[in-house]
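Here's the structure we're looking at; comments come further down.
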Amino acid sequence: MPQYSSSTICALATASGIGAIAIIRLSGADAITICNKVFFGKDLAKVESHTVHFGTIRAKEKIVDEVLVTVFKDKKSFTGENSVEISTHGSPYIQQQVLQLLITNGAISAGPGEFTLRAFLNGKLDLSQAEAVADVIAANSETSHELAMNQMRGGFSSEIQKLREELIHFASLIELELDFGEEDVEFADREDLKELVENLNKALMALISSFDYGNVIKTGVPVAIVGRPNAGKSTLLNSLLNEDRAIVSATAGTTRDTIEEMLNINGVQFRFVDTAGLRETTDELEKIGVEKAFEQIEKSAIYLYLFDINALSLQEVEEDLGQLNAKISRLVIANKTDLVDADKLAAFKKLDCYFISAKENDNLEKLKESLFNAVTDNLIKSNDVVVTNVRHYGALSKANESLNTVLEGLGNNITGDFLAMDIRQALHQLGMITGDITTDDLLDNIFSKFCIGK
């Protein structure tokens with residue numbers, strides 16, 4: 001990531017390649033002046049902010065393209081400085097010609113995330129909001145989009161700022177005590193401080209515990225499909241996806257490695273993993289596949305245990321379930337019910353399971369609905385503040401540890417200087433989330449992951 005400077009930057013804001021249109025962005029003090037040198041239409045220096053103007057981009061007398069230019073002035077722009085967006089036809093040749101003209105006339109190429117970096121440095125966004133911009137772009141489901149939009153609008157950062165401001169008040173009183181250390185006075189009531197820290201810790205723990213939900217929503221809910229060979233796991237995956245993704249064969253042990261695919265159910269992305277059949281085997285490759293199946297269960301938010309209702313007895317199913325991790329949420333699914341006789345079907349009614357035919361698509365919609373409900377019933381609603389960022393989770397955890405140390409100190413009646421150290425550490429971690437406290441390495445790590453043009 002280039003160091004921030006007063007230079008005017010430019011970049012392609014839309015995806016590279018051929019398209020109907022392309023948008024080229026400029027930002028910086030000279031953005032309007034530079035664009036005026038190549039744009040023939042209205043004088044952009046004299047137009048109002050947030051207005052769109054038709055004209056041509058020219059290289060001397062040669063018309064490169066007919067364009068629409070949108071002008072954003074000073075603090076009214078996304079970056080907090082003069083900005084221009086040029087909408088051209090989507091020819092890669094035109095895109096390169098326009099960018100070359102802008103650079104020839106004084107602009108420089110933007111680095112990854114430099115527009116959003118400038119928005120942060122100019123006070124248009126705090127750091128967590130800036131990170132949410134990347135999450136909005138990467139959102140691949142309704143729920144992940146809602147979480148990212150809530151964070152970008154400041155829902156998460158406002159919660160952190162509120163917690164931080166409450167702690168700053170007491171921190172200042174503790175610091176004041178240190179200035180009067182020889183006089184043995186207390187400006188910060190220890191009982192009030194204890195109550196505050198306990199309340200802050202409750203709020204922090206709520207945010208920390210929301211990360212499990214936020215992370216799976218952001219990356220996709222991992223769901224392992226497990227069961228004995230020929231239970232119909234691959235057929236189920238294919239039917240859920242409505243395509244032939246996994247090989248289906250009557251030969252046991254066909255699936256020897258995991259197959260992973262995404263499926264959106266009611267706005268939530270699920271990552272289904274088809275695994276090898278669970279059985280004792282002497283085949284080395286199949287044995288590795290069985291081991292991976294158990295590993296996938298441990299990685300899953302929920303797993304589907306699938307069995308052929310025609311091939312197994314109720315006792316065998318219960319034995320299988322006894323060998324699988326009961327601490328992880330699971331759905332038990334009886335497959336091939338289109339082939340079962342009434343007596344055997346009745347025998348399995350006592351088992352809490354879903355009856356489907358993956359091959360005939362019977363009850364698959366009900367299964368998907370149940371899977372969605374099983375994952376979301378006990379989770380946080382989308383309008384609550386949810387942590388989705390690993391960096392934020394780490395900072396919140398460290399702040400929580402520091403506040404726990406403050407509580408221990410209060411219980412042991414330690415002096416204000418030691419309390420101040422731990423309070424400062426908690427404030428530091430909360431400030432790292434919002435960007436009140438930053439380092440060059442932190443900013444480089446965050447913004448280098450953005451695409452150029454954002």
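In the structure tokens, the first chain shown is A, the next is B, and so on; residue numbers restart at 1 for each chain, and ligands run from 1 in the order shown.
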
So which residues of region 29-264 of chain A fall under strand (DSSP E) by DSSP, listed as number ranges by chain? A: 39-40, 51-59, 62-72, 83-90, 108-109, 221-226, 259-264

Quick one: everything within 10 Å of Leu396 (chain A), counting only C-alpha atoms, minus sequence neighbours fewer than 2 positions away in the same chain. Send it as a list in words.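 Neighbouring residues, sequence-local ones excluded: Ile160, Asn201, Leu204, Met205, Leu207, Ile208, Val387, Val390, Arg391, His392, Tyr393, Gly394, Lys398, Ala399, Asn400, Glu401, Ser402, Ala426, Gln429, Leu430, Met432 and Ile433 of chain A.
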
Pick out the closest residue to Asn230 (chain A) from this set: A:Glu195, A:Ile217, A:Ile297, A:Ala311. Count only C-alpha atoms.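 Ranking A:Glu195, A:Ile217, A:Ile297, A:Ala311 by distance to Asn230 (chain A), first place goes to A:Ala311.
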
Determine which residues of region 71-129 of chain A receive a DSSP assignment of helix (DSSP H, G or I), computed from the backbone, and state them as an MDAnalysis selection string. chainID A and resid 74:76 92:104 114:121 127:129

Just the selected residues (N, CA and C atoms), exported as a PDB file, in the first residue's frame, please.
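Saved to result-v1.pdb:
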```pdb
ATOM      1  N   ASP A  74     -14.967  18.296  -2.029  1.00  0.00           N
ATOM      2  CA  ASP A  74     -14.455  18.394  -0.654  1.00  0.00           C
ATOM      3  C   ASP A  74     -15.087  17.381   0.292  1.00  0.00           C
ATOM      4  N   LYS A  75     -15.611  17.876   1.414  1.00  0.00           N
ATOM      5  CA  LYS A  75     -16.105  17.023   2.488  1.00  0.00           C
ATOM      6  C   LYS A  75     -17.361  16.242   2.118  1.00  0.00           C
ATOM      7  N   LYS A  76     -17.963  16.574   0.986  1.00  0.00           N
ATOM      8  CA  LYS A  76     -19.189  15.893   0.582  1.00  0.00           C
ATOM      9  C   LYS A  76     -18.915  14.573  -0.154  1.00  0.00           C
ATOM     10  N   PRO A  92     -11.804  -2.278 -22.709  1.00  0.00           N
ATOM     11  CA  PRO A  92     -10.517  -2.197 -22.009  1.00  0.00           C
ATOM     12  C   PRO A  92      -9.588  -1.150 -22.633  1.00  0.00           C
ATOM     13  N   TYR A  93      -9.666  -0.974 -23.968  1.00  0.00           N
ATOM     14  CA  TYR A  93      -8.839   0.034 -24.629  1.00  0.00           C
ATOM     15  C   TYR A  93      -9.197   1.431 -24.132  1.00  0.00           C
ATOM     16  N   ILE A  94     -10.512   1.727 -24.053  1.00  0.00           N
ATOM     17  CA  ILE A  94     -10.951   3.043 -23.571  1.00  0.00           C
ATOM     18  C   ILE A  94     -10.526   3.254 -22.126  1.00  0.00           C
ATOM     19  N   GLN A  95     -10.692   2.233 -21.304  1.00  0.00           N
ATOM     20  CA  GLN A  95     -10.302   2.340 -19.890  1.00  0.00           C
ATOM     21  C   GLN A  95      -8.832   2.735 -19.760  1.00  0.00           C
ATOM     22  N   GLN A  96      -7.970   2.046 -20.503  1.00  0.00           N
ATOM     23  CA  GLN A  96      -6.536   2.325 -20.419  1.00  0.00           C
ATOM     24  C   GLN A  96      -6.189   3.702 -20.971  1.00  0.00           C
ATOM     25  N   GLN A  97      -6.853   4.097 -22.045  1.00  0.00           N
ATOM     26  CA  GLN A  97      -6.598   5.412 -22.620  1.00  0.00           C
ATOM     27  C   GLN A  97      -6.960   6.524 -21.645  1.00  0.00           C
ATOM     28  N   VAL A  98      -8.108   6.406 -20.996  1.00  0.00           N
ATOM     29  CA  VAL A  98      -8.536   7.442 -20.046  1.00  0.00           C
ATOM     30  C   VAL A  98      -7.589   7.486 -18.849  1.00  0.00           C
ATOM     31  N   LEU A  99      -7.246   6.334 -18.306  1.00  0.00           N
ATOM     32  CA  LEU A  99      -6.318   6.303 -17.170  1.00  0.00           C
ATOM     33  C   LEU A  99      -4.966   6.906 -17.537  1.00  0.00           C
ATOM     34  N   GLN A 100      -4.493   6.594 -18.735  1.00  0.00           N
ATOM     35  CA  GLN A 100      -3.208   7.134 -19.190  1.00  0.00           C
ATOM     36  C   GLN A 100      -3.263   8.652 -19.319  1.00  0.00           C
ATOM     37  N   LEU A 101      -4.384   9.168 -19.831  1.00  0.00           N
ATOM     38  CA  LEU A 101      -4.548  10.623 -19.950  1.00  0.00           C
ATOM     39  C   LEU A 101      -4.537  11.297 -18.574  1.00  0.00           C
ATOM     40  N   LEU A 102      -5.212  10.696 -17.612  1.00  0.00           N
ATOM     41  CA  LEU A 102      -5.266  11.276 -16.266  1.00  0.00           C
ATOM     42  C   LEU A 102      -3.884  11.289 -15.619  1.00  0.00           C
ATOM     43  N   ILE A 103      -3.137  10.202 -15.793  1.00  0.00           N
ATOM     44  CA  ILE A 103      -1.787  10.131 -15.223  1.00  0.00           C
ATOM     45  C   ILE A 103      -0.863  11.127 -15.927  1.00  0.00           C
ATOM     46  N   THR A 104      -0.993  11.246 -17.242  1.00  0.00           N
ATOM     47  CA  THR A 104      -0.177  12.209 -17.992  1.00  0.00           C
ATOM     48  C   THR A 104      -0.423  13.630 -17.503  1.00  0.00           C
ATOM     49  N   GLU A 114      -6.830   2.473  -1.419  1.00  0.00           N
ATOM     50  CA  GLU A 114      -6.381   3.820  -1.062  1.00  0.00           C
ATOM     51  C   GLU A 114      -7.524   4.830  -0.987  1.00  0.00           C
ATOM     52  N   PHE A 115      -8.590   4.631  -1.744  1.00  0.00           N
ATOM     53  CA  PHE A 115      -9.741   5.542  -1.637  1.00  0.00           C
ATOM     54  C   PHE A 115     -10.377   5.414  -0.250  1.00  0.00           C
ATOM     55  N   THR A 116     -10.553   4.169   0.210  1.00  0.00           N
ATOM     56  CA  THR A 116     -11.140   3.949   1.535  1.00  0.00           C
ATOM     57  C   THR A 116     -10.181   4.384   2.631  1.00  0.00           C
ATOM     58  N   LEU A 117      -8.880   4.203   2.423  1.00  0.00           N
ATOM     59  CA  LEU A 117      -7.883   4.681   3.379  1.00  0.00           C
ATOM     60  C   LEU A 117      -8.002   6.189   3.564  1.00  0.00           C
ATOM     61  N   ARG A 118      -8.164   6.907   2.455  1.00  0.00           N
ATOM     62  CA  ARG A 118      -8.307   8.362   2.555  1.00  0.00           C
ATOM     63  C   ARG A 118      -9.603   8.739   3.283  1.00  0.00           C
ATOM     64  N   ALA A 119     -10.656   7.973   3.054  1.00  0.00           N
ATOM     65  CA  ALA A 119     -11.910   8.220   3.774  1.00  0.00           C
ATOM     66  C   ALA A 119     -11.694   8.069   5.276  1.00  0.00           C
ATOM     67  N   PHE A 120     -10.905   7.069   5.677  1.00  0.00           N
ATOM     68  CA  PHE A 120     -10.596   6.874   7.096  1.00  0.00           C
ATOM     69  C   PHE A 120      -9.722   8.001   7.637  1.00  0.00           C
ATOM     70  N   LEU A 121      -8.655   8.325   6.924  1.00  0.00           N
ATOM     71  CA  LEU A 121      -7.734   9.358   7.398  1.00  0.00           C
ATOM     72  C   LEU A 121      -8.381  10.736   7.423  1.00  0.00           C
ATOM     73  N   LEU A 127     -12.176   2.992  11.535  1.00  0.00           N
ATOM     74  CA  LEU A 127     -11.465   1.856  10.949  1.00  0.00           C
ATOM     75  C   LEU A 127     -12.377   0.643  10.770  1.00  0.00           C
ATOM     76  N   SER A 128     -13.251   0.374  11.733  1.00  0.00           N
ATOM     77  CA  SER A 128     -14.132  -0.788  11.595  1.00  0.00           C
ATOM     78  C   SER A 128     -15.130  -0.575  10.461  1.00  0.00           C
ATOM     79  N   GLN A 129     -15.566   0.666  10.254  1.00  0.00           N
ATOM     80  CA  GLN A 129     -16.455   0.958   9.121  1.00  0.00           C
ATOM     81  C   GLN A 129     -15.717   0.762   7.798  1.00  0.00           C
TER      82      GLN A 129
END
```

So which residues touch Leu196 (chain A) within 10 Å, counting only C-alpha atoms, skipping near sequence neighbours fewer than 4 positions away, as a list of chain:residue names? A:Leu163, A:Glu166, A:Leu167, A:Phe170, A:Arg190, A:Glu191, A:Asp192, A:Leu200, A:Asn201, A:Lys202

Go ahead and write the selection's residues with N, CA and C atoms as a compact mmCIF listing (two decimals), in the first residue's frame.
```
# COMPACT_ATOMS: atom_id res chain seq x y z
N LEU A 163 -18.68 2.04 24.89
CA LEU A 163 -17.96 1.33 25.95
C LEU A 163 -16.66 2.05 26.30
N GLU A 166 -17.17 5.34 28.36
CA GLU A 166 -17.48 5.09 29.77
C GLU A 166 -16.22 4.76 30.55
N LEU A 167 -15.33 4.00 29.94
CA LEU A 167 -14.10 3.61 30.61
C LEU A 167 -13.12 4.78 30.71
N PHE A 170 -13.50 6.95 33.93
CA PHE A 170 -12.86 6.45 35.14
C PHE A 170 -11.35 6.43 35.01
N ARG A 190 -14.17 3.12 44.11
CA ARG A 190 -13.83 1.76 43.71
C ARG A 190 -15.07 0.89 43.47
N GLU A 191 -16.13 1.10 44.21
CA GLU A 191 -17.36 0.33 43.98
C GLU A 191 -18.01 0.70 42.66
N ASP A 192 -18.00 2.00 42.36
CA ASP A 192 -18.55 2.44 41.07
C ASP A 192 -17.71 1.89 39.92
N LEU A 200 -19.25 -3.45 31.62
CA LEU A 200 -18.50 -3.44 30.37
C LEU A 200 -18.14 -4.86 29.93
N ASN A 201 -17.76 -5.67 30.89
CA ASN A 201 -17.38 -7.05 30.58
C ASN A 201 -18.57 -7.85 30.05
N LYS A 202 -19.76 -7.59 30.60
CA LYS A 202 -20.96 -8.27 30.09
C LYS A 202 -21.19 -7.89 28.62
```

Quick one: residues within 7 Å of Val268 (chain A), only C-alpha atoms counted, chain neighbours fewer than 2 positions away excluded, as a PyMOL selection string? chain A and resi 141-143+217+264-266+270

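Take the candidates A:Ser91, A:Lys124, A:Ala107, A:Leu351 and check each one against Ile9 (chain A) using only C-alpha atoms; the shortest distance goes to A:Ala107.
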
Env of region 437-447 of chain A: 7 Å cut, atoms = only C-alpha atoms, seq-sep filter 4 positions within chain, self excluded. Answer as a ChimeraX atom specification. /A:1,112-113,117,428,431-432

Got time to write the residues from that selection, C-alpha atoms, as an mmCIF file, in the first residue's frame?
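Below is the file result16.cif, written as the result:
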```cif
data_model
loop_
_atom_site.group_PDB
_atom_site.id
_atom_site.type_symbol
_atom_site.label_atom_id
_atom_site.label_comp_id
_atom_site.auth_asym_id
_atom_site.auth_seq_id
_atom_site.Cartn_x
_atom_site.Cartn_y
_atom_site.Cartn_z
ATOM 1 C CA MET A 1 0.000 0.000 0.000
ATOM 2 C CA PRO A 112 -5.168 -1.215 -3.021
ATOM 3 C CA GLY A 113 -7.838 0.324 -0.807
ATOM 4 C CA LEU A 117 -7.883 4.681 3.379
ATOM 5 C CA HIS A 428 -5.851 0.540 23.757
ATOM 6 C CA GLY A 431 -9.167 1.978 20.242
ATOM 7 C CA MET A 432 -7.441 -0.424 17.856
#
```

In Å and to one decimal, CA of Gln425 (chain A) is distant from CA of Thr405 (chain A) by 10.4 Å

With only C-alpha atoms as the counted atoms, please give the residues lying no more than 12 Å from Tyr305 (chain A), apart from itself and same-chain residues fewer than 4 positions off, as a ChimeraX atom specification. /A:223-229,231-233,236,274-275,277-278,293-294,297,317-318,320-326,328-335,352-354

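Residue nearest Asp338 (chain A), chosen from A:Lys359, A:Lys350, A:Lys73, A:Lys449 and counting only C-alpha atoms: A:Lys359.
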